[in-house]
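Asks: Compact mmCIF, C-alpha atoms and all ligand atoms, saved as model-v3.txt, coming up:
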```
# COMPACT_ATOMS: atom_id res chain seq x y z
CA MET D 228 4.98 -25.03 22.47
CA SER D 229 3.00 -23.02 19.94
CA HIS D 230 1.96 -24.90 16.80
CA VAL D 231 1.30 -21.67 14.89
CA PHE D 232 3.86 -21.25 12.12
CA PRO D 233 5.36 -17.95 13.22
CA ARG D 234 6.08 -15.10 10.88
CA ASN D 235 9.56 -14.73 12.24
CA SER D 236 10.74 -18.13 13.37
CA ASN D 237 13.50 -16.99 15.69
CA LYS D 238 11.20 -15.05 17.99
CA LEU D 239 7.64 -15.88 18.94
CA PRO D 240 5.49 -12.79 19.52
CA PRO D 241 3.46 -12.42 22.70
CA VAL D 242 -0.23 -13.25 22.39
CA GLY D 243 -2.47 -10.23 21.87
CA LYS D 244 -5.69 -10.18 23.86
CA VAL D 245 -7.49 -6.89 23.47
CA GLY D 246 -7.69 -4.07 20.94
CA ALA D 247 -9.21 -0.81 22.12
CA GLY D 248 -9.00 2.46 20.21
CA VAL D 249 -5.37 3.14 19.27
CA HIS D 250 -3.95 0.49 21.62
CA LEU D 251 -3.42 -3.27 21.66
CA PHE D 252 -2.89 -5.22 24.87
CA ASP D 253 -1.01 -8.49 25.31
CA ALA D 254 -1.80 -11.34 27.71
CA ASP D 255 0.12 -9.60 30.52
CA GLY D 256 -1.95 -6.46 30.06
CA LYS D 257 0.92 -4.48 28.54
CA ALA D 258 -0.33 -1.72 26.20
CA TYR D 259 1.14 -1.03 22.76
CA PHE D 260 0.34 2.04 20.72
CA ASP D 261 -0.55 0.79 17.24
CA GLY D 262 1.78 3.25 15.54
CA SER D 263 1.79 1.53 12.17
CA GLY D 264 -1.87 0.53 12.27
CA GLY D 265 -0.65 -3.03 11.72
CA ALA D 266 1.00 -2.04 8.42
CA ALA D 267 -1.45 0.71 7.46
CA VAL D 268 -4.49 -1.44 8.12
CA SER D 269 -6.23 -0.19 11.28
CA CYS D 270 -7.40 3.20 10.07
CA LEU D 271 -10.39 3.20 12.46
CA GLY D 272 -8.47 1.84 15.43
CA HIS D 273 -9.67 -1.17 17.37
CA GLY D 274 -13.14 -2.01 18.67
CA ASP D 275 -15.14 0.23 16.33
CA GLN D 276 -18.72 -0.60 17.27
CA ASP D 277 -20.29 0.38 13.94
CA VAL D 278 -18.09 -2.02 12.02
CA ILE D 279 -18.59 -4.76 14.59
CA ASP D 280 -22.37 -4.30 14.41
CA ALA D 281 -22.33 -4.40 10.61
CA ILE D 282 -20.40 -7.67 10.68
CA LYS D 283 -22.70 -9.20 13.30
CA SER D 284 -25.79 -8.23 11.38
CA GLN D 285 -24.45 -9.75 8.16
CA LEU D 286 -23.45 -12.93 9.97
CA ASP D 287 -27.00 -13.19 11.25
CA SER D 288 -28.58 -12.75 7.81
CA MET D 289 -26.19 -14.45 5.34
CA ALA D 290 -22.57 -15.05 6.27
CA PHE D 291 -21.55 -16.39 2.89
CA ALA D 292 -22.84 -17.01 -0.61
CA HIS D 293 -20.68 -18.08 -3.52
CA THR D 294 -20.65 -15.21 -6.03
CA GLY D 295 -20.91 -17.71 -8.85
CA PHE D 296 -24.53 -18.04 -7.76
CA LEU D 297 -25.55 -15.03 -5.67
CA SER D 298 -24.40 -11.47 -5.09
CA SER D 299 -25.11 -9.74 -1.77
CA ASP D 300 -26.40 -6.40 -0.57
CA PRO D 301 -23.12 -5.36 1.08
CA ALA D 302 -21.06 -6.26 -2.01
CA GLU D 303 -23.39 -4.22 -4.25
CA ALA D 304 -23.46 -1.25 -1.86
CA LEU D 305 -19.70 -1.28 -1.27
CA ALA D 306 -18.96 -1.40 -5.01
CA ASP D 307 -21.34 1.54 -5.56
CA LEU D 308 -19.72 3.57 -2.79
CA LEU D 309 -16.18 2.87 -3.98
CA VAL D 310 -17.01 3.81 -7.57
CA LEU D 311 -18.72 6.99 -6.36
CA HIS D 312 -15.48 8.12 -4.71
CA ALA D 313 -12.95 6.51 -7.06
CA PRO D 314 -10.81 8.38 -9.59
CA GLU D 315 -12.79 9.11 -12.74
CA GLY D 316 -13.28 6.19 -15.09
CA LEU D 317 -12.89 3.39 -12.54
CA GLU D 318 -16.31 1.83 -12.80
CA HIS D 319 -16.10 -1.84 -11.87
CA VAL D 320 -15.01 -3.46 -8.64
CA TYR D 321 -13.70 -6.99 -8.22
CA PHE D 322 -13.52 -8.06 -4.57
CA VAL D 323 -10.76 -10.30 -3.24
CA SER D 324 -9.42 -11.20 0.20
CA GLY D 325 -6.29 -9.06 0.44
CA GLY D 326 -3.58 -7.02 -1.24
CA SER D 327 -1.58 -9.72 -3.00
CA GLU D 328 -4.78 -11.17 -4.44
CA ALA D 329 -5.81 -7.74 -5.68
CA VAL D 330 -2.47 -7.37 -7.48
CA GLU D 331 -2.75 -10.87 -8.98
CA ALA D 332 -6.21 -10.01 -10.25
CA ALA D 333 -4.93 -6.72 -11.72
CA LEU D 334 -2.08 -8.42 -13.57
CA LYS D 335 -4.34 -11.14 -14.95
CA LEU D 336 -7.00 -8.64 -15.96
CA ALA D 337 -4.42 -6.58 -17.86
CA ARG D 338 -3.18 -9.69 -19.61
CA GLN D 339 -6.67 -10.90 -20.53
CA TYR D 340 -7.59 -7.44 -21.80
CA PHE D 341 -4.82 -7.48 -24.38
CA VAL D 342 -5.65 -11.03 -25.42
CA GLU D 343 -9.30 -10.03 -25.88
CA ILE D 344 -8.46 -7.00 -28.01
CA GLY D 345 -6.14 -8.99 -30.25
CA GLN D 346 -2.76 -7.89 -28.90
CA PRO D 347 -1.63 -11.08 -27.16
CA GLN D 348 2.02 -10.22 -27.68
CA ARG D 349 1.71 -7.56 -24.97
CA SER D 350 2.89 -9.47 -21.93
CA LYS D 351 5.74 -7.44 -20.42
CA ILE D 352 5.29 -5.48 -17.24
CA ILE D 353 7.33 -2.58 -16.00
CA ALA D 354 7.49 -1.86 -12.27
CA ARG D 355 9.79 0.15 -10.01
CA ARG D 356 12.75 -0.87 -7.95
CA GLN D 357 12.26 -0.85 -4.18
CA SER D 358 8.55 -1.50 -4.51
CA TYR D 359 6.39 -4.09 -2.82
CA HIS D 360 3.27 -5.51 -4.42
CA GLY D 361 2.69 -8.67 -2.38
CA ASN D 362 3.99 -12.13 -1.72
CA THR D 363 2.11 -14.44 -4.11
CA LEU D 364 4.21 -15.46 -7.09
CA GLY D 365 2.87 -12.92 -9.58
CA ALA D 366 2.87 -10.04 -7.12
CA LEU D 367 6.34 -11.02 -5.94
CA ALA D 368 7.56 -11.03 -9.53
CA VAL D 369 6.51 -7.43 -10.13
CA GLY D 370 7.83 -6.18 -6.78
CA GLY D 371 11.22 -4.55 -6.93
CA ASN D 372 12.68 -5.84 -3.72
CA GLU D 373 15.63 -7.96 -4.82
CA TRP D 374 16.15 -10.00 -1.69
CA ARG D 375 12.51 -11.03 -1.51
CA ARG D 376 12.55 -12.14 -5.14
CA ALA D 377 15.96 -13.77 -5.30
CA GLN D 378 15.23 -17.01 -3.48
CA PHE D 379 12.14 -17.74 -5.61
CA ALA D 380 13.73 -17.04 -8.99
CA PRO D 381 13.01 -17.75 -11.76
CA LEU D 382 9.73 -15.92 -11.31
CA LEU D 383 6.88 -16.44 -13.71
CA ILE D 384 6.27 -13.00 -15.17
CA ASP D 385 8.36 -10.95 -17.55
CA VAL D 386 9.11 -7.82 -15.52
CA SER D 387 11.70 -5.08 -15.66
CA HIS D 388 12.21 -2.27 -13.19
CA ILE D 389 12.84 1.46 -13.40
CA SER D 390 13.83 3.89 -10.62
CA PRO D 391 11.34 5.04 -8.02
CA CYS D 392 10.71 8.77 -7.72
CA TYR D 393 12.89 9.11 -4.62
CA GLU D 394 13.66 12.76 -4.14
CA TYR D 395 15.84 12.41 -1.06
CA ARG D 396 18.43 10.30 -2.84
CA GLU D 397 17.87 10.51 -6.61
CA LYS D 398 17.47 14.25 -7.20
CA HIS D 399 20.60 15.88 -8.60
CA ASP D 400 22.07 19.04 -7.04
CA GLY D 401 20.71 22.08 -8.84
CA GLU D 402 17.90 20.16 -10.56
CA THR D 403 14.40 21.57 -10.01
CA THR D 404 11.91 19.29 -8.32
CA PHE D 405 9.75 19.33 -11.43
CA ASP D 406 12.64 18.41 -13.74
CA PHE D 407 13.63 15.64 -11.37
CA GLY D 408 10.11 14.17 -11.55
CA GLN D 409 10.08 14.34 -15.35
CA ARG D 410 13.49 12.68 -15.56
CA MET D 411 12.32 9.84 -13.34
CA ALA D 412 9.07 9.42 -15.29
CA ASN D 413 10.91 9.47 -18.60
CA GLU D 414 12.71 6.31 -17.52
CA LEU D 415 9.39 4.62 -18.27
CA GLU D 416 9.43 5.80 -21.88
CA ASP D 417 13.03 4.64 -22.31
CA GLU D 418 12.15 1.24 -20.90
CA ILE D 419 9.04 0.87 -23.09
CA LEU D 420 11.11 1.67 -26.17
CA ARG D 421 13.88 -0.70 -25.09
CA LEU D 422 11.38 -3.55 -24.66
CA GLY D 423 9.40 -2.72 -27.79
CA ALA D 424 6.36 -0.46 -27.52
CA ASP D 425 3.93 -3.15 -28.70
CA GLN D 426 5.23 -5.71 -26.22
CA VAL D 427 4.44 -3.90 -22.98
CA MET D 428 1.18 -4.56 -21.20
CA ALA D 429 1.31 -2.49 -18.02
CA PHE D 430 3.23 -0.25 -15.66
CA ILE D 431 2.55 -0.82 -11.97
CA ALA D 432 3.50 1.55 -9.15
CA GLU D 433 2.52 2.56 -5.63
CA PRO D 434 1.54 6.26 -5.63
CA VAL D 435 3.27 6.57 -2.25
CA VAL D 436 5.81 3.79 -1.71
CA GLY D 437 5.11 2.12 1.61
CA ALA D 438 6.75 -0.97 3.02
CA THR D 439 10.07 -0.97 1.21
CA MET D 440 10.90 2.72 1.39
CA GLY D 441 8.91 4.28 4.22
CA ALA D 442 6.25 6.56 2.75
CA VAL D 443 7.99 8.03 -0.28
CA PRO D 444 5.59 10.17 -2.33
CA SER D 445 6.42 11.16 -5.89
CA VAL D 446 7.01 14.80 -6.77
CA GLU D 447 4.45 16.97 -8.52
CA GLY D 448 4.07 16.19 -12.20
CA TYR D 449 5.64 12.74 -12.03
CA PHE D 450 2.44 10.71 -12.34
CA LYS D 451 0.97 13.09 -14.92
CA ARG D 452 3.97 12.39 -17.10
CA ILE D 453 3.65 8.64 -16.38
CA ARG D 454 0.00 8.80 -17.50
CA GLU D 455 1.00 10.61 -20.73
CA ILE D 456 3.63 7.99 -21.52
CA CYS D 457 1.23 5.10 -20.85
CA ASP D 458 -1.37 6.71 -23.12
CA LYS D 459 1.18 7.37 -25.86
CA TYR D 460 2.16 3.69 -26.06
CA GLY D 461 -1.16 2.06 -25.11
CA VAL D 462 0.28 0.68 -21.88
CA LEU D 463 -2.13 0.15 -18.96
CA LEU D 464 -1.41 2.05 -15.75
CA ILE D 465 -1.96 0.02 -12.58
CA LEU D 466 -1.77 1.94 -9.32
CA ASP D 467 -1.25 -0.22 -6.27
CA GLU D 468 -2.98 1.57 -3.40
CA VAL D 469 -3.08 -1.46 -1.14
CA MET D 470 -1.08 0.39 1.49
CA CYS D 471 -1.46 4.08 0.67
CA GLY D 472 -5.15 4.01 -0.29
CA MET D 473 -8.34 4.27 1.75
CA GLY D 474 -7.65 7.71 3.12
CA ARG D 475 -4.14 7.07 4.44
CA THR D 476 -2.61 9.97 2.52
CA GLY D 477 -5.48 12.41 3.16
CA THR D 478 -7.76 11.53 0.23
CA LEU D 479 -9.70 8.29 -0.15
CA PHE D 480 -7.54 7.35 -3.14
CA ALA D 481 -3.92 8.51 -3.24
CA ALA D 482 -4.28 8.98 -7.03
CA ASP D 483 -6.63 11.91 -6.34
CA GLN D 484 -3.61 13.96 -5.30
CA GLU D 485 -1.81 13.18 -8.56
CA ASP D 486 -4.74 14.43 -10.63
CA ILE D 487 -4.77 11.31 -12.78
CA SER D 488 -6.85 8.16 -13.15
CA PRO D 489 -5.26 4.75 -13.49
CA ASP D 490 -6.74 2.03 -15.70
CA ILE D 491 -6.67 -0.38 -12.78
CA CYS D 492 -6.32 0.29 -9.07
CA THR D 493 -5.79 -2.13 -6.20
CA ILE D 494 -6.87 -1.53 -2.60
CA ALA D 495 -6.92 -3.67 0.56
CA LYS D 496 -5.57 -3.12 4.10
CA GLY D 497 -7.57 -0.04 5.18
CA LEU D 498 -10.63 -1.29 3.27
CA GLY D 499 -11.28 -3.93 5.91
CA ALA D 500 -9.47 -1.85 8.54
CA GLY D 501 -8.45 -5.13 10.19
CA TYR D 502 -12.03 -6.23 10.89
CA GLN D 503 -12.22 -8.59 7.92
CA PRO D 504 -9.76 -9.68 5.23
CA ILE D 505 -10.85 -7.88 2.08
CA GLY D 506 -9.27 -6.22 -0.93
CA ALA D 507 -10.49 -5.02 -4.28
CA MET D 508 -9.41 -4.29 -7.80
CA LEU D 509 -11.13 -1.45 -9.61
CA CYS D 510 -10.95 -1.13 -13.37
CA SER D 511 -12.08 1.14 -16.16
CA GLY D 512 -15.16 0.58 -18.30
CA LYS D 513 -12.88 0.15 -21.32
CA ILE D 514 -11.25 -2.93 -19.83
CA TYR D 515 -14.45 -4.33 -18.40
CA HIS D 516 -16.33 -4.03 -21.69
CA ALA D 517 -13.51 -5.51 -23.75
CA ILE D 518 -13.82 -8.64 -21.64
CA LYS D 519 -17.61 -8.63 -21.35
CA ASP D 520 -18.05 -8.20 -25.10
CA GLY D 521 -15.22 -10.62 -25.82
CA SER D 522 -15.04 -13.97 -24.11
CA GLY D 523 -17.66 -12.84 -21.61
CA PHE D 524 -15.97 -13.34 -18.28
CA PHE D 525 -12.78 -12.60 -16.41
CA GLN D 526 -10.99 -15.92 -16.18
CA HIS D 527 -10.16 -15.60 -12.55
CA GLY D 528 -11.87 -16.08 -9.22
CA HIS D 529 -11.39 -17.44 -5.75
CA THR D 530 -14.02 -19.04 -3.53
CA TYR D 531 -14.18 -16.04 -1.19
CA VAL D 532 -14.52 -13.37 -3.90
CA GLY D 533 -17.07 -10.80 -2.69
CA HIS D 534 -17.50 -12.47 0.70
CA PRO D 535 -20.68 -10.87 2.13
CA THR D 536 -19.40 -10.51 5.71
CA ALA D 537 -16.10 -9.04 4.53
CA CYS D 538 -18.02 -6.65 2.26
CA ALA D 539 -20.29 -5.67 5.17
CA ALA D 540 -17.19 -4.72 7.14
CA GLY D 541 -15.72 -2.86 4.15
CA LEU D 542 -18.98 -0.99 3.62
CA ALA D 543 -19.11 0.17 7.25
CA VAL D 544 -15.45 1.22 7.04
CA VAL D 545 -15.80 3.20 3.81
CA GLN D 546 -18.99 4.86 5.09
CA LYS D 547 -17.02 6.12 8.09
CA LEU D 548 -14.04 7.15 5.99
CA THR D 549 -16.12 9.10 3.50
CA GLY D 550 -18.41 10.38 6.25
CA GLY D 551 -15.76 12.82 7.49
CA LEU D 552 -12.87 10.83 8.88
CA VAL D 553 -10.62 11.10 5.83
CA ASP D 554 -11.06 14.87 5.92
CA GLN D 555 -9.11 14.92 9.20
CA VAL D 556 -6.15 12.93 7.93
CA ALA D 557 -4.15 15.68 6.23
CA SER D 558 -4.20 18.00 9.26
CA LYS D 559 -3.51 15.19 11.73
CA GLY D 560 -0.66 14.05 9.51
CA GLN D 561 0.75 17.56 9.52
CA GLN D 562 0.56 17.65 13.33
CA LEU D 563 2.46 14.40 13.66
CA THR D 564 5.01 15.43 11.03
CA ASP D 565 5.63 18.73 12.84
CA MET D 566 6.10 16.88 16.12
CA LEU D 567 8.53 14.45 14.49
CA ASN D 568 10.45 17.33 12.96
CA ASP D 569 10.68 19.03 16.36
CA ALA D 570 11.84 15.85 18.07
CA PHE D 571 14.09 14.36 15.38
CA GLY D 572 14.85 17.16 12.92
CA GLN D 573 18.33 17.67 14.37
CA ASN D 574 19.01 14.06 15.28
CA PRO D 575 22.28 12.98 13.63
CA LEU D 576 20.74 9.60 12.79
CA VAL D 577 17.71 11.02 10.97
CA GLY D 578 18.25 12.01 7.35
CA ASP D 579 14.72 12.52 6.10
CA ILE D 580 11.16 12.86 7.40
CA ARG D 581 8.57 12.57 4.61
CA GLY D 582 5.19 11.21 3.66
CA ARG D 583 1.60 12.23 3.10
CA GLY D 584 -1.26 12.37 5.56
CA LEU D 585 -0.92 9.76 8.27
CA PHE D 586 1.58 7.80 6.18
CA ILE D 587 4.94 9.05 7.38
CA GLY D 588 8.47 7.72 7.02
CA MET D 589 11.71 8.61 8.76
CA GLU D 590 14.95 7.54 7.13
CA PHE D 591 18.02 6.84 9.24
CA VAL D 592 21.56 7.55 8.04
CA ALA D 593 25.12 7.25 9.27
CA ASP D 594 25.91 10.78 8.08
CA ARG D 595 23.37 13.51 7.39
CA ASP D 596 25.64 15.38 4.98
CA THR D 597 26.68 12.49 2.77
CA LYS D 598 23.41 10.55 3.38
CA ALA D 599 25.58 7.46 3.87
CA VAL D 600 23.43 4.49 4.86
CA LEU D 601 23.89 2.76 8.20
CA ASP D 602 26.15 -0.27 8.25
CA PRO D 603 23.76 -3.22 7.63
CA SER D 604 25.64 -5.34 10.17
CA HIS D 605 24.29 -3.01 12.88
CA LYS D 606 20.78 -4.32 12.07
CA PHE D 607 19.40 -0.95 13.02
CA ASN D 608 15.85 -1.62 11.91
CA ALA D 609 15.52 -4.92 13.76
CA ARG D 610 16.88 -3.31 16.91
CA LEU D 611 14.62 -0.30 16.51
CA LYS D 612 11.59 -2.54 16.12
CA ALA D 613 12.49 -4.48 19.27
CA ALA D 614 13.29 -1.35 21.30
CA ALA D 615 10.07 0.35 20.22
CA PHE D 616 8.08 -2.77 21.06
CA ASP D 617 9.68 -2.87 24.52
CA ALA D 618 8.73 0.78 24.95
CA GLY D 619 5.11 -0.07 24.00
CA LEU D 620 5.09 1.16 20.42
CA ILE D 621 4.31 -0.98 17.39
CA CYS D 622 5.94 0.60 14.37
CA TYR D 623 7.19 -0.67 11.04
CA PRO D 624 10.94 -0.38 10.60
CA MET D 625 12.54 -1.82 7.46
CA GLY D 626 16.11 -2.16 6.34
CA GLY D 627 16.68 -0.74 2.96
CA THR D 628 20.39 -1.08 2.68
CA ILE D 629 20.23 -4.05 0.31
CA ASP D 630 21.40 -2.01 -2.65
CA GLY D 631 23.28 0.73 -0.80
CA LYS D 632 20.92 3.21 -2.44
CA HIS D 633 18.33 3.66 0.22
CA GLY D 634 18.45 3.39 3.93
CA ASP D 635 16.88 2.06 7.07
CA HIS D 636 13.59 3.68 7.81
CA VAL D 637 10.53 3.45 10.00
CA LEU D 638 6.99 3.75 8.72
CA LEU D 639 4.34 5.35 10.91
CA ALA D 640 0.69 4.86 10.00
CA PRO D 641 -1.39 5.43 13.14
CA PRO D 642 -5.19 5.11 13.22
CA PHE D 643 -7.08 8.17 11.90
CA ILE D 644 -8.84 8.45 15.27
CA SER D 645 -5.52 9.37 16.93
CA GLU D 646 -5.51 12.64 18.86
CA PRO D 647 -2.58 14.97 19.58
CA HIS D 648 -1.84 13.36 22.95
CA HIS D 649 -1.52 10.03 21.15
CA PHE D 650 1.06 11.55 18.84
CA GLU D 651 3.03 12.67 21.91
CA GLU D 652 3.03 9.05 23.02
CA VAL D 653 4.34 7.95 19.60
CA VAL D 654 7.09 10.56 19.53
CA ASP D 655 8.19 9.83 23.11
CA LYS D 656 8.29 6.08 22.65
CA LEU D 657 10.00 6.33 19.29
CA GLY D 658 12.52 8.74 20.79
CA ALA D 659 13.30 6.28 23.58
CA ALA D 660 13.76 3.50 21.03
CA VAL D 661 15.97 5.51 18.65
N1 LIG D 701 0.75 -4.03 -2.36
C1 LIG D 701 1.27 -3.17 -1.47
C2 LIG D 701 1.61 -1.79 -1.93
C3 LIG D 701 1.48 -3.56 -0.15
O1 LIG D 701 2.02 -2.69 0.72
C4 LIG D 701 1.12 -4.85 0.25
C5 LIG D 701 1.30 -5.34 1.69
N2 LIG D 701 2.24 -4.72 2.42
C6 LIG D 701 0.59 -5.72 -0.72
C7 LIG D 701 0.39 -5.28 -2.00
C8 LIG D 701 0.18 -7.13 -0.35
O2 LIG D 701 -0.92 -7.11 0.47
P1 LIG D 701 -1.30 -8.37 1.40
O3 LIG D 701 -0.23 -8.47 2.44
O4 LIG D 701 -2.64 -8.03 1.95
O5 LIG D 701 -1.33 -9.57 0.52
```
Re-express the file's structure as structure tokens.
Replies:
Amino acid sequence: MSHVFPRNSNKLPPVGKVGAGVHLFDADGKAYFDGSGGAAVSCLGHGDQDVIDAIKSQLDSMAFAHTGFLSSDPAEALADLLVLHAPEGLEHVYFVSGGSEAVEAALKLARQYFVEIGQPQRSKIIARRQSYHGNTLGALAVGGNEWRRAQFAPLLIDVSHISPCYEYREKHDGETTFDFGQRMANELEDEILRLGADQVMAFIAEPVVGATMGAVPSVEGYFKRIREICDKYGVLLILDEVMCGMGRTGTLFAADQEDISPDICTIAKGLGAGYQPIGAMLCSGKIYHAIKDGSGFFQHGHTYVGHPTACAAGLAVVQKLTGGLVDQVASKGQQLTDMLNDAFGQNPLVGDIRGRGLFIGMEFVADRDTKAVLDPSHKFNARLKAAAFDAGLICYPMGGTIDGKHGDHVLLAPPFISEPHHFEEVVDKLGAAV
């Protein structure tokens, strides 16, 4: 009997033994294509020698130092590199151990900022429905996934939710794409006014919605309008790039494609690429200085903040990403999208194929014309996950039928080192499973 508390208690997973390139192998030697990169984590694939060497070398010199006493070379170098490539104005990096921690830090930083500048009444947060920001209590509270939140209610933070920018289902007939985006963004202004403009502290959103919706990007102009509204009412904009960041969408930061800068940005997953648990929160100089010149320190911090070995891994990863790998993501993503369109474009079960870069979602429907969602009792996503796994493909299906407004989907996020013949493997195996 295994004593590991399993993620899904009704089925124990096989034990993985080896990771090599785009594949993982279990104890029986069966190969699985890592089609979701372990939830958009393994951007470099498995067994990357440069990252392994960087980790080994840091372990040899100084595995750990508490950042209350000492910084480290890899933490300093990684912060410099991230700021060099970050959206304009993001100047300070706070390292954590993962995505939920990054979101917690972002929420607490926003809150402390307003306390420091003498606006303590600003405590309300606006997020979007059908979003996921993590599983710790604060991150869970801002997420817009009702079934995840329900069993832990009442949650600790004052949050309300607006619609996501979900073109496939929310755009009206005859409406232009631009007008649709503005209408969706204007929901933020309505919500700020409803709550009281001086009460709202932040708006948090994923630039491309990952886990809950299957790679849904916003339409052009949406985030520009969101930025305008935040500026108009003094609300901080937090972009959660935990899943879509670190090159996944074709640029190091997904915000780069929206032509805006957030006040705070969270990253994780691809930052450690699976080699070490690491995440980060980046913030603007305005926020940093308000705190530095105010009480003097961010009242937050975990023991493993800025862990040198994790930062060494992150540094090696970001050096590879910015050293040319991210530049290949858009064209590889287009190749895979074209292949998916060829294979599934006419499939009666497939309503939508969308995404950005190597962050691609396919949405399944009962009827392509009406976009009717699949009957939840069919448990399509659970069966798809199992069938794909049997076929040797790890992918990320999710059921979205909780509110009848969005459907079952699968998220594909293969490693950036994938080649066209790997995409054929994905499409074949996914086809067999569907
Ligand atoms: N934010 C987003 C957008 C995510 O997709 C996730 C994880 N799926 C998280 C936060 C939480 O990250 P972690 O699981 O590393 O805590």
Asks: Point out the residue among D:Thr530, D:Asn568, D:Ser390, D:Gln285 with the least atom-to-atom distance to D:Gln357, counting only C-alpha atoms.
Replies: D:Ser390
Asks: Given the point (20.6, 11.1, 4.5) in the coordinates of this file, which residues lie within 9 Å, counting all atoms listed in the file, and how would they look as a PyMOL selection string?
Replies: chain D and resi 395-396+576-579+590-600+633-634
Asks: List the neighbours of stretch 614-626 of chain D out to 9 Å using all atoms listed in the file; skip same-chain residues closer than 3 positions along the sequence, and give me the result as number ranges by chain.
Replies: D: 257-266, 438-441, 603, 606-611, 629, 633-641, 652-653, 656-661
Asks: Would you please work out which residue, of D:Pro434, D:Gly551, D:Gly448, D:Pro381, is nearest to D:Ser358 when using all atoms listed in the file?
Replies: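 Of the candidates, the smallest distance to D:Ser358 is held by D:Pro434.
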Asks: Can you work out which one of D:Thr536, D:Ser511, D:Thr549, D:Gln426 has the shortest atom-to-atom distance to D:Thr478, counting all atoms listed in the file?
Replies: D:Thr549
Asks: Could you tell me how far atom CA of D:Arg581 sits from atom CA of D:Pro444, in Å to one decimal place?
Replies: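 A separation of 7.9 Å between them.
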Asks: For a quick check of understanding, using only C-alpha atoms and all ligand atoms, which of D:Leu509, D:Leu308, D:Val268, D:Val532 has the smallest distance to ligand LIG 701 (chain D)?
Replies: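 Distance minimum relative to ligand LIG 701 (chain D) lands on D:Val268.
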